[in-house]
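Chemist: Before I ask anything, here is the structure I am working with.
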Amino acid sequence: MEQKIDRPCKTKSGRGAPTDRSIPLRYGDHAMTQAILLGFALFAVSLYFHMWMLRGAKAISPPGKNPRHLRLLAGSSLVLASHLVIAGIFAGGMYLASVWGLGSLEKDVIDSWMDYYYFALITISTVGLGDILPAGHMRAISGIAALTGFLMISCTAQYVYKTMSKQED
């Protein structure tokens, strides 16, 4: 079932005002199932990629050995690159969800790929500033992104702790 609705957008006063465009949204069991399946696929790809990058970081700067500055920087850079790529994976998935009519991002104007990437990065890092809001079934995908980010940050924290604890000894 497809329905067109006017979305409120934020104004400087903080009050919602109807937009001049209508965005088709799909509601129903199938749309929610598609959103959850898409979110799970993004999670699986992200988890696999992150574990692969962590394996590379551990090879460059292994936990338990005395880390050298450049090796530590290289390993940490790989981990950072992993988080940035995962944000890109979720940004692509969110864009795909909006094309499929599963939801959208609400902001005055979503006019570039960077808006999707920014929202995904904020969500993955679990910061959630609130200047862009998910609507429709995009909320489920955003929740999965936040849970994925929390898991990735936990894995990264364990690697950093193990690597840095040897340096302190």
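Labels for the structure tokens follow display order: chains A, B, ..., residues from 1 in each chain, ligands from 1.
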Skip segment 138-144 of chain A itself and residues of its chain fewer than 6 positions away, then list as a PDB file with C-alpha atoms, in the first residue's frame all residues within 9 Å of it, counting only C-alpha atoms.

Modeler:
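Result written to around_7.pdb:
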```
ATOM      1  CA  MET A  32       8.624  -3.389   7.430  1.00  0.00           C
ATOM      2  CA  ALA A  35      13.386  -2.658   5.955  1.00  0.00           C
ATOM      3  CA  ILE A  36      14.439  -5.185   8.593  1.00  0.00           C
ATOM      4  CA  LEU A  38      17.845  -4.599   4.442  1.00  0.00           C
ATOM      5  CA  GLY A  39      19.063  -3.552   7.902  1.00  0.00           C
ATOM      6  CA  PHE A  40      20.184  -7.112   8.656  1.00  0.00           C
ATOM      7  CA  LEU A  42      23.803  -4.035   6.094  1.00  0.00           C
ATOM      8  CA  PHE A  43      24.666  -5.351   9.560  1.00  0.00           C
ATOM      9  CA  PHE A  90      24.738   2.192   5.865  1.00  0.00           C
ATOM     10  CA  GLY A  93      21.491   1.244   2.356  1.00  0.00           C
ATOM     11  CA  MET A  94      19.528   4.230   3.644  1.00  0.00           C
ATOM     12  CA  ALA A  97      15.579   2.386   1.348  1.00  0.00           C
ATOM     13  CA  SER A  98      14.442   5.880   0.396  1.00  0.00           C
ATOM     14  CA  LEU A 102      10.609   2.481   2.819  1.00  0.00           C
ATOM     15  CA  GLY A 103      11.267   5.789   4.526  1.00  0.00           C
ATOM     16  CA  SER A 104      13.226   8.972   4.321  1.00  0.00           C
ATOM     17  CA  LEU A 105      15.402  11.373   6.226  1.00  0.00           C
ATOM     18  CA  ALA A 120      24.818   7.267   8.966  1.00  0.00           C
ATOM     19  CA  THR A 123      24.072   7.055  13.925  1.00  0.00           C
ATOM     20  CA  ILE A 124      26.919   4.505  13.695  1.00  0.00           C
TER      21      ILE A 124
END
```

Chemist: With a distance cut-off of 9 Å and only C-alpha atoms, select the neighbouring residues of segment 158-162 of chain A, excluding the residue or stretch itself and same-chain residues fewer than 4 positions from it, and output the selection as a PyMOL selection string.

Modeler: chain A and resi 54+57-58+62-64+76+153-154+166

Chemist: Next, write the just-selected residues to a file, as a CSV table (one decimal), in the first residue's frame, keeping C-alpha atoms as the atom set.

Modeler:
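File written: again_9.csv
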```
chain,number,residue,atom,x,y,z
A,54,LEU,CA,40.4,-5.6,12.7
A,57,ALA,CA,45.0,-4.0,12.3
A,58,LYS,CA,46.1,-6.8,14.7
A,62,PRO,CA,49.5,-7.0,17.5
A,63,PRO,CA,48.0,-6.8,21.0
A,64,GLY,CA,50.4,-8.2,23.6
A,76,SER,CA,44.4,2.6,14.5
A,153,ILE,CA,32.9,0.4,18.9
A,154,SER,CA,33.0,-2.4,21.5
A,166,LYS,CA,51.2,-3.6,26.7
```

Chemist: I'd like to know which of A:Leu47, A:Val127, A:Leu37, A:Ile122 is closest to Leu151 of chain A, using only C-alpha atoms.

Modeler: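 Closest to Leu151 of chain A of all the choices is A:Leu47.
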
Chemist: Restricting the calculation to only C-alpha atoms, which member of A:His50, A:Gly130, A:Phe150, A:Ser165 is positioned closest to Ser82 of chain A?

Modeler: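 Of the candidates, the smallest distance to Ser82 of chain A is held by A:His50.
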
Chemist: Choose the residue, out of A:Thr148, A:Ser125, A:Ser46, A:Thr33, that has the smallest atom-to-atom separation from Ile86 of chain A; count only C-alpha atoms.

Modeler: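 For Ile86 of chain A, the nearest of the candidates is A:Ser46.
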